[in-house]
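Enquirer: Here you go, one structure.
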There are 2 protein chains.
Amino acid sequence: MKKPIAIQGVKGSFHHEVAQQYFSDTTEVVECMSFDSTVERLLNADTDFIVMALENSIAGSIIPNYALIDTHNLRIVGEHYLDIQHNLLALNNQSIADITEVHSHPMALLQCKVFFKKYPQIKLVEAKDTADVAKQISEQNIKGIAAIASKNAGKLYGLKVLAESIQTIKHNETRFVIVKRDNDEIVPDEVNKASLKFELDHKRGSLAAILNVLSDCKLNLTKIQSLPKIETPWKYAFFVDVRFETYKDFEKAKSIINLMAENFKVLGEYKNTR
Amino acid sequence: MKKPIAIQGVKGSFHHEVAQQYFSDTTEVVECMSFDSTVERLLNADTDFIVMALENSIAGSIIPNYALIDTHNLRIVGEHYLDIQHNLLALNNQSIADITEVHSHPMALLQCKVFFKKYPQIKLVEAKDTADVAKQISEQNIKGIAAIASKNAGKLYGLKVLAESIQTIKHNETRFVIVKRDNDEIVPDEVNKASLKFELDHKRGSLAAILNVLSDCKLNLTKIQSLPKIETPWKYAFFVDVRFETYKDFEKAKSIINLMAENFKVLGEYKNTR
């Protein structure tokens with residue numbers, strides 16, 4: 001039997017939406033209140049797949065999630081881009097003038113803060129999950145408090161949309177990845193993207209040399225992020241995403257980088273979806 | 001007369017500590033409850049300097065702060081590294097068994113979550129500022145709630161240290177920058193580091209070409225971060241920090257990158273402190 005997919009947050013969350021779009025509308029999910037707990041569920045084999053946000057166009061990479069994947073030797077097996085649209089949701093009998101507080105995830109509050117400048121009477125309060133606030137408002141019939149969440153969450157919990165698409169940057173894309181314990185079924189013909197991690201000494205030109213190899217092997221860089229290794233001064237870790245046309249090109253690059261960089265690791269090989 | 005320095009958070013916060021270490025122990029500060037409001041104060045000339053966290057070894061870059069500097073054409077004129085040590089603080093008559101909730105900034109909660117696994121009875125609640133919670137506990141004599149903040153905050157607000165250095169990664173360095181409206185007093189002999197921003201088309205090898213220039217001009221890369229420009233597909237913005245031995249080398253690199261990349265901008269030229 002197919003196990004449910006672990007998501008961060010409750011039903012109606014953006015992670016739930018990604019699970020439905022990537023797998024199917026009727027996908028069963030395990031609601032987890034932290035990314036850590038999604039990983040625990042995966043390691044305990046309560047689930048075979050996690051949906052995990054990895055970066056967005058406003059806040060950049062979610063480094064702690066990279067660390068979870070890296071530390072537990074998990075594998076990225078797919079990716080999915082979601083255009084995040086935030087909506088102000090409240091009970092059906094409420095109007096925006098009734099609202100004194102809005103509770104949501106810090107990232108959602110950040111992404112909508114320009115909208116709330118027009119409503120100085122509304123206090124912004126941080127909460128754990130966007131959709132969970134919608135659920136609480138609905139279940140406990142809470143007046144005066146609004147949620148910032150998706151229209152789906154509004155439908156699911158029977159709330160009214162007081163204002164739609166309230167995020168400052170209208171096109172607000174978040175990249176999610178699908179994560180497994182391991183990747184036992186790579187079909188070279190079906191993958192054209194990979195997420196890599198490697199370490200380099202702080203020596204002039206060391207990163208340029210690696211990027212030259214990627215370019216020579218016809219790999220396209222779609223993301224790069226350095227992270228100083230605090231425990232080892234002058235050593236840097238790099239998280240890099242690459243796209244390639246043929247798996248052979250990628251294999252060649254892998255074998256060269258393996259010789260040039262330290263602690264080289266493939267975090268995932270998967271099919272690019274954008 | 002010297003204007004006070006704008007900091008995010010209240011006295012006793014890590015930003016306050018940086019202001020004291022970078023300027024002097026007796027530095028006057030303006031307490032701001034968001035990074036946006038520090039920038040407003042700077043643009044209104046209520047202050048001439050902001051202290052702003054820019055990246056840390058656990059969560060990576062604070063992209064919204066890069067965006068604030070970039071959007072408002074501010075200039076980085078200095079940097080300061082602080083080894084962040086988190087401590088569990090509460091009223092003097094409290095022991096850890098009395099604590100049912102700990103309130104702190106989401107980043108501090110994240111950095112200490114392993115410690116709290118031993119205390120499942122303690123609920124983690126997100127708050128706006130680490131030191132502000134310490135201040136509230138002290139002023140309102142709140143029992144049962146602990147703060148995560150620096151020892152300085154504990155001293156300032158007369159709280160007891162229930163547990164010290166509770167962050168998971170013991171060496172937890174955050175990089176702060178000192179930001180001005182403009183930089184009118186660059187002394188080439190005194191600067192050896194710069195923060196740059198530029199944009200590139202998604203063309204194979206385009207970033208490698210830029211890094212080769214940096215390397216040829218004897219510049220050392222200390223940080224790199226890509227950020228997709230969502231409004232313009234296949235275009236990427238890069239934030240790069242470089243160190244150099246002579247300003248002349250840097251000037252040469254600037255003039256070449258200016259020709260190779262789009263929207264090239266120097267966010268700051270300053271003295272490296274590590």
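Ordered as shown in the structure tokens, chains take letters A, B, and onward, while each chain numbers its residues from 1 and ligands are numbered from 1 in the order shown.
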Compile the contact shell of Asn44 (chain A) as a PyMOL selection string: residues with an atom at most 10 Å away, counting only C-alpha atoms, same-chain residues fewer than 5 positions apart removed.
Expert: chain A and resi 38-39+181
Enquirer: Residues of chain A no more than 7 Å from chain B, counting only C-alpha atoms: send them over as an MDAnalysis selection string.
Expert: chainID A and resid 57:60 63:64 126 171 204:205 208 211:212 215 220 223:228 230:231
Enquirer: Write a file of the just-selected residues containing N, CA, C and O atoms, as a compact mmCIF listing (two decimals), in the first residue's frame.
Expert:
```
# COMPACT_ATOMS: atom_id res chain seq x y z
N SER A 57 12.00 33.22 -4.07
CA SER A 57 12.58 34.35 -4.76
C SER A 57 12.76 35.55 -3.84
O SER A 57 13.43 36.50 -4.19
N ILE A 58 12.17 35.53 -2.68
CA ILE A 58 12.27 36.68 -1.79
C ILE A 58 13.29 36.45 -0.67
O ILE A 58 14.13 37.29 -0.41
N ALA A 59 13.24 35.29 -0.07
CA ALA A 59 14.12 35.07 1.08
C ALA A 59 15.35 34.25 0.74
O ALA A 59 16.22 34.05 1.58
N GLY A 60 15.43 33.73 -0.48
CA GLY A 60 16.60 32.93 -0.85
C GLY A 60 16.47 31.50 -0.36
O GLY A 60 15.36 31.00 -0.16
N ILE A 63 18.39 27.42 4.22
CA ILE A 63 19.62 26.67 4.53
C ILE A 63 19.37 25.53 5.53
O ILE A 63 19.92 24.44 5.36
N PRO A 64 18.55 25.73 6.57
CA PRO A 64 18.34 24.61 7.49
C PRO A 64 17.78 23.37 6.79
O PRO A 64 18.06 22.25 7.21
N GLU A 126 3.40 36.39 14.67
CA GLU A 126 4.00 35.22 14.02
C GLU A 126 3.34 33.92 14.50
O GLU A 126 3.05 33.76 15.67
N HIS A 171 4.54 38.04 -8.39
CA HIS A 171 5.00 36.74 -8.85
C HIS A 171 6.00 36.22 -7.82
O HIS A 171 7.15 36.65 -7.80
N ARG A 204 42.48 31.60 -4.04
CA ARG A 204 42.02 32.39 -5.16
C ARG A 204 41.80 31.52 -6.39
O ARG A 204 42.64 30.71 -6.75
N GLY A 205 40.62 31.65 -7.00
CA GLY A 205 40.36 30.94 -8.24
C GLY A 205 39.82 29.53 -8.08
O GLY A 205 39.51 28.87 -9.06
N ALA A 208 36.27 29.38 -9.35
CA ALA A 208 36.29 29.63 -10.80
C ALA A 208 36.71 28.35 -11.54
O ALA A 208 36.13 27.99 -12.56
N LEU A 211 33.78 25.99 -11.69
CA LEU A 211 32.76 26.46 -12.62
C LEU A 211 33.22 26.31 -14.07
O LEU A 211 32.41 26.06 -14.97
N ASN A 212 34.52 26.44 -14.29
CA ASN A 212 35.04 26.20 -15.64
C ASN A 212 34.81 24.74 -16.05
O ASN A 212 34.45 24.47 -17.20
N SER A 215 31.20 24.28 -16.94
CA SER A 215 30.95 24.87 -18.25
C SER A 215 31.53 24.01 -19.38
O SER A 215 30.87 23.75 -20.38
N ASN A 220 24.81 23.63 -17.09
CA ASN A 220 24.31 24.98 -16.83
C ASN A 220 24.06 25.15 -15.35
O ASN A 220 23.36 24.36 -14.74
N LYS A 223 21.84 27.61 -9.82
CA LYS A 223 21.86 28.15 -8.47
C LYS A 223 23.23 27.95 -7.84
O LYS A 223 23.86 26.93 -8.08
N ILE A 224 23.69 28.94 -7.10
CA ILE A 224 24.92 28.76 -6.34
C ILE A 224 24.82 29.51 -5.04
O ILE A 224 24.22 30.58 -4.98
N GLN A 225 25.37 28.93 -4.02
CA GLN A 225 25.25 29.49 -2.68
C GLN A 225 26.47 29.04 -1.88
O GLN A 225 26.73 27.85 -1.77
N SER A 226 27.23 30.00 -1.36
CA SER A 226 28.36 29.62 -0.52
C SER A 226 27.95 29.68 0.94
O SER A 226 27.05 30.43 1.30
N LEU A 227 28.59 28.89 1.76
CA LEU A 227 28.32 28.89 3.19
C LEU A 227 29.64 28.65 3.90
O LEU A 227 30.26 27.61 3.71
N PRO A 228 30.12 29.64 4.67
CA PRO A 228 31.40 29.42 5.34
C PRO A 228 31.28 28.27 6.34
O PRO A 228 30.26 28.11 6.99
N ILE A 230 32.11 27.29 9.61
CA ILE A 230 32.59 28.04 10.77
C ILE A 230 33.61 27.25 11.58
O ILE A 230 34.58 27.80 12.08
N GLU A 231 33.43 25.94 11.63
CA GLU A 231 34.34 25.13 12.44
C GLU A 231 35.74 25.05 11.81
O GLU A 231 36.71 24.75 12.47
```
Enquirer: Show which residues sit within 6 Å of Cys32 (chain A), as a list in words. Count only C-alpha atoms, and ignore same-chain residues fewer than 3 positions away.
Expert: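 Once the nearby chain positions are removed, what remains is Ile7, Gln8, Gly9, Ser37 and Thr38 of chain A.
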Enquirer: Just the number, please: distance in Å from CA of His72 (chain B) to CA of Leu88 (chain A), one decimal.
Expert: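 Going from CA of His72 (chain B) over to CA of Leu88 (chain A) covers 28.4 Å.
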Enquirer: Using only C-alpha atoms, which of the listed residues (A:His103, A:His80, A:Lys248, A:His16) sits closest to Tyr270 (chain A)?
Expert: A:His80
Enquirer: Can you tell me which residues surround region 145-151 of chain A at a distance of at most 10 Å, considering only C-alpha atoms, apart from same-chain residues fewer than 3 positions away, and format the answer as JSON, numbers by chain?
Expert: {"A": [12, 13, 14, 17, 84, 85, 86, 87, 88, 89, 90, 91, 94, 95, 96, 98, 99, 100, 101, 102, 103, 104, 105, 108, 109, 112, 122, 123, 124, 125, 127, 129, 130, 131, 132, 133, 134, 135, 136, 137, 141, 142, 154, 155, 156, 157, 159, 160, 161, 162, 163, 164, 165, 166, 167]}
Enquirer: From a backbone DSSP assignment, name each residue in region 43-140 of chain A labelled alpha helix (DSSP H), as a PyMOL selection string.
Expert: chain A and resi 43+63-71+106-111+113-116+130-139
Enquirer: Next, write the just-selected residues to a file, as a compact mmCIF listing (two decimals), in the first residue's frame, keeping N, CA, C and O atoms as the atom set.
Expert:
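Output saved as selection-v3.txt:
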```
# COMPACT_ATOMS: atom_id res chain seq x y z
N LEU A 43 12.60 8.87 8.21
CA LEU A 43 13.61 7.94 8.71
C LEU A 43 12.97 6.75 9.41
O LEU A 43 13.49 5.64 9.38
N ILE A 63 18.39 27.42 4.22
CA ILE A 63 19.62 26.67 4.53
C ILE A 63 19.37 25.53 5.53
O ILE A 63 19.92 24.44 5.36
N PRO A 64 18.55 25.73 6.57
CA PRO A 64 18.34 24.61 7.49
C PRO A 64 17.78 23.37 6.79
O PRO A 64 18.06 22.25 7.21
N ASN A 65 17.01 23.55 5.71
CA ASN A 65 16.49 22.39 4.99
C ASN A 65 17.58 21.71 4.16
O ASN A 65 17.62 20.48 4.07
N TYR A 66 18.47 22.50 3.58
CA TYR A 66 19.65 21.91 2.94
C TYR A 66 20.41 21.07 3.96
O TYR A 66 20.87 19.97 3.68
N ALA A 67 20.55 21.63 5.18
CA ALA A 67 21.30 20.93 6.22
C ALA A 67 20.61 19.62 6.61
O ALA A 67 21.28 18.61 6.83
N LEU A 68 19.28 19.62 6.67
CA LEU A 68 18.55 18.38 7.00
C LEU A 68 18.81 17.30 5.95
O LEU A 68 19.08 16.14 6.28
N ILE A 69 18.74 17.69 4.69
CA ILE A 69 18.96 16.73 3.59
C ILE A 69 20.39 16.19 3.65
O ILE A 69 20.63 14.99 3.55
N ASP A 70 21.33 17.12 3.86
CA ASP A 70 22.75 16.77 3.87
C ASP A 70 23.08 15.87 5.08
O ASP A 70 23.65 14.78 4.92
N THR A 71 22.70 16.30 6.27
CA THR A 71 23.04 15.57 7.50
C THR A 71 22.50 14.14 7.50
O THR A 71 23.16 13.22 7.95
N PRO A 106 6.15 33.70 9.71
CA PRO A 106 6.98 34.90 9.55
C PRO A 106 7.27 35.24 8.08
O PRO A 106 7.29 36.40 7.68
N MET A 107 7.47 34.21 7.26
CA MET A 107 7.77 34.43 5.84
C MET A 107 6.57 35.07 5.14
O MET A 107 6.74 35.97 4.31
N ALA A 108 5.36 34.61 5.46
CA ALA A 108 4.15 35.18 4.85
C ALA A 108 3.95 36.62 5.30
O ALA A 108 3.61 37.50 4.51
N LEU A 109 4.19 36.88 6.59
CA LEU A 109 4.07 38.25 7.11
C LEU A 109 5.06 39.17 6.38
O LEU A 109 4.71 40.27 5.96
N LEU A 110 6.28 38.68 6.23
CA LEU A 110 7.32 39.44 5.53
C LEU A 110 6.89 39.76 4.10
O LEU A 110 7.04 40.87 3.61
N GLN A 111 6.32 38.76 3.43
CA GLN A 111 5.98 38.92 2.02
C GLN A 111 4.78 39.85 1.80
O GLN A 111 4.53 40.30 0.69
N LYS A 113 4.06 42.56 4.02
CA LYS A 113 4.10 43.69 4.95
C LYS A 113 3.70 45.03 4.32
O LYS A 113 3.14 45.88 4.99
N VAL A 114 3.94 45.20 3.04
CA VAL A 114 3.55 46.46 2.37
C VAL A 114 2.02 46.63 2.41
O VAL A 114 1.51 47.72 2.69
N PHE A 115 1.29 45.54 2.16
CA PHE A 115 -0.18 45.58 2.20
C PHE A 115 -0.67 46.11 3.54
O PHE A 115 -1.59 46.93 3.61
N PHE A 116 -0.04 45.65 4.64
CA PHE A 116 -0.53 46.00 5.98
C PHE A 116 -0.17 47.42 6.41
O PHE A 116 -0.69 47.90 7.41
N THR A 130 0.82 28.79 7.98
CA THR A 130 -0.20 29.66 7.38
C THR A 130 -1.59 29.02 7.48
O THR A 130 -2.53 29.65 7.96
N ALA A 131 -1.71 27.77 7.03
CA ALA A 131 -3.03 27.14 6.96
C ALA A 131 -3.57 26.78 8.34
O ALA A 131 -4.78 26.76 8.56
N ASP A 132 -2.68 26.50 9.28
CA ASP A 132 -3.11 26.12 10.62
C ASP A 132 -3.89 27.26 11.27
O ASP A 132 -4.85 27.01 12.01
N VAL A 133 -3.48 28.50 11.02
CA VAL A 133 -4.19 29.65 11.58
C VAL A 133 -5.62 29.68 11.01
O VAL A 133 -6.59 29.87 11.75
N ALA A 134 -5.74 29.43 9.70
CA ALA A 134 -7.06 29.39 9.07
C ALA A 134 -7.93 28.31 9.72
O ALA A 134 -9.10 28.53 10.03
N LYS A 135 -7.32 27.18 9.99
CA LYS A 135 -8.04 26.06 10.63
C LYS A 135 -8.53 26.46 12.03
O LYS A 135 -9.68 26.23 12.39
N GLN A 136 -7.64 27.08 12.80
CA GLN A 136 -8.00 27.50 14.18
C GLN A 136 -9.14 28.51 14.16
O GLN A 136 -10.08 28.42 14.95
N ILE A 137 -9.02 29.52 13.27
CA ILE A 137 -10.06 30.57 13.20
C ILE A 137 -11.41 29.92 12.92
O ILE A 137 -12.42 30.25 13.54
N SER A 138 -11.40 28.97 11.99
CA SER A 138 -12.63 28.30 11.60
C SER A 138 -13.17 27.43 12.74
O SER A 138 -14.32 27.55 13.15
N GLU A 139 -12.32 26.56 13.28
CA GLU A 139 -12.78 25.59 14.29
C GLU A 139 -13.21 26.26 15.58
O GLU A 139 -14.13 25.81 16.25
```
Enquirer: Give me, as a list in words, the residues of region 145-199 of chain A that a backbone DSSP run labels strand (DSSP E).
Expert: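 Those residues are Ile145, Ala146, Ala147, Ile148, Ala149, Lys160, Val161, Leu162, Ala163, Glu173, Thr174, Arg175, Phe176, Val177, Ile178, Val179, Lys180, Lys193, Ala194, Ser195, Leu196, Lys197, Phe198 and Glu199 of chain A.
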Enquirer: I need the residues from that last selection saved to file as a PDB file, in the first residue's frame (with C-alpha atoms), if you can.
Expert:
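Output below, filename result.pdb:
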```
ATOM      1  CA  ILE A 145      -8.137  37.677  13.778  1.00  0.00           C
ATOM      2  CA  ALA A 146      -7.306  36.998  10.142  1.00  0.00           C
ATOM      3  CA  ALA A 147      -5.029  34.426   8.515  1.00  0.00           C
ATOM      4  CA  ILE A 148      -2.742  34.824   5.511  1.00  0.00           C
ATOM      5  CA  ALA A 149      -3.046  31.655   3.468  1.00  0.00           C
ATOM      6  CA  LYS A 160     -14.003  34.379   3.467  1.00  0.00           C
ATOM      7  CA  VAL A 161     -11.323  36.052   1.327  1.00  0.00           C
ATOM      8  CA  LEU A 162     -11.099  39.642   2.656  1.00  0.00           C
ATOM      9  CA  ALA A 163      -8.329  40.561   0.206  1.00  0.00           C
ATOM     10  CA  GLU A 173       7.662  31.576  -6.683  1.00  0.00           C
ATOM     11  CA  THR A 174       8.829  28.982  -4.200  1.00  0.00           C
ATOM     12  CA  ARG A 175      10.795  25.906  -5.160  1.00  0.00           C
ATOM     13  CA  PHE A 176       9.862  22.725  -3.348  1.00  0.00           C
ATOM     14  CA  VAL A 177      11.692  19.426  -3.549  1.00  0.00           C
ATOM     15  CA  ILE A 178      10.506  15.868  -3.139  1.00  0.00           C
ATOM     16  CA  VAL A 179      12.820  13.985  -0.797  1.00  0.00           C
ATOM     17  CA  LYS A 180      13.349  10.254  -0.197  1.00  0.00           C
ATOM     18  CA  LYS A 193      19.164  18.345 -13.171  1.00  0.00           C
ATOM     19  CA  ALA A 194      21.230  17.722 -10.040  1.00  0.00           C
ATOM     20  CA  SER A 195      21.899  19.324  -6.670  1.00  0.00           C
ATOM     21  CA  LEU A 196      25.515  19.162  -5.540  1.00  0.00           C
ATOM     22  CA  LYS A 197      27.466  20.041  -2.440  1.00  0.00           C
ATOM     23  CA  PHE A 198      31.236  20.386  -2.211  1.00  0.00           C
ATOM     24  CA  GLU A 199      33.873  22.130  -0.143  1.00  0.00           C
TER      25      GLU A 199
END
```
Enquirer: Just the number, please: distance in Å from CA of Glu28 (chain B) to CA of Pro4 (chain B), one decimal.
Expert: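 Computing it gives 4.8 Å between the two atoms.
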Enquirer: Between CA of Val10 (chain A) and CA of Met33 (chain A), what is the distance, to one decimal in Å?
Expert: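 CA of Met33 (chain A) lies 7.7 Å from CA of Val10 (chain A).
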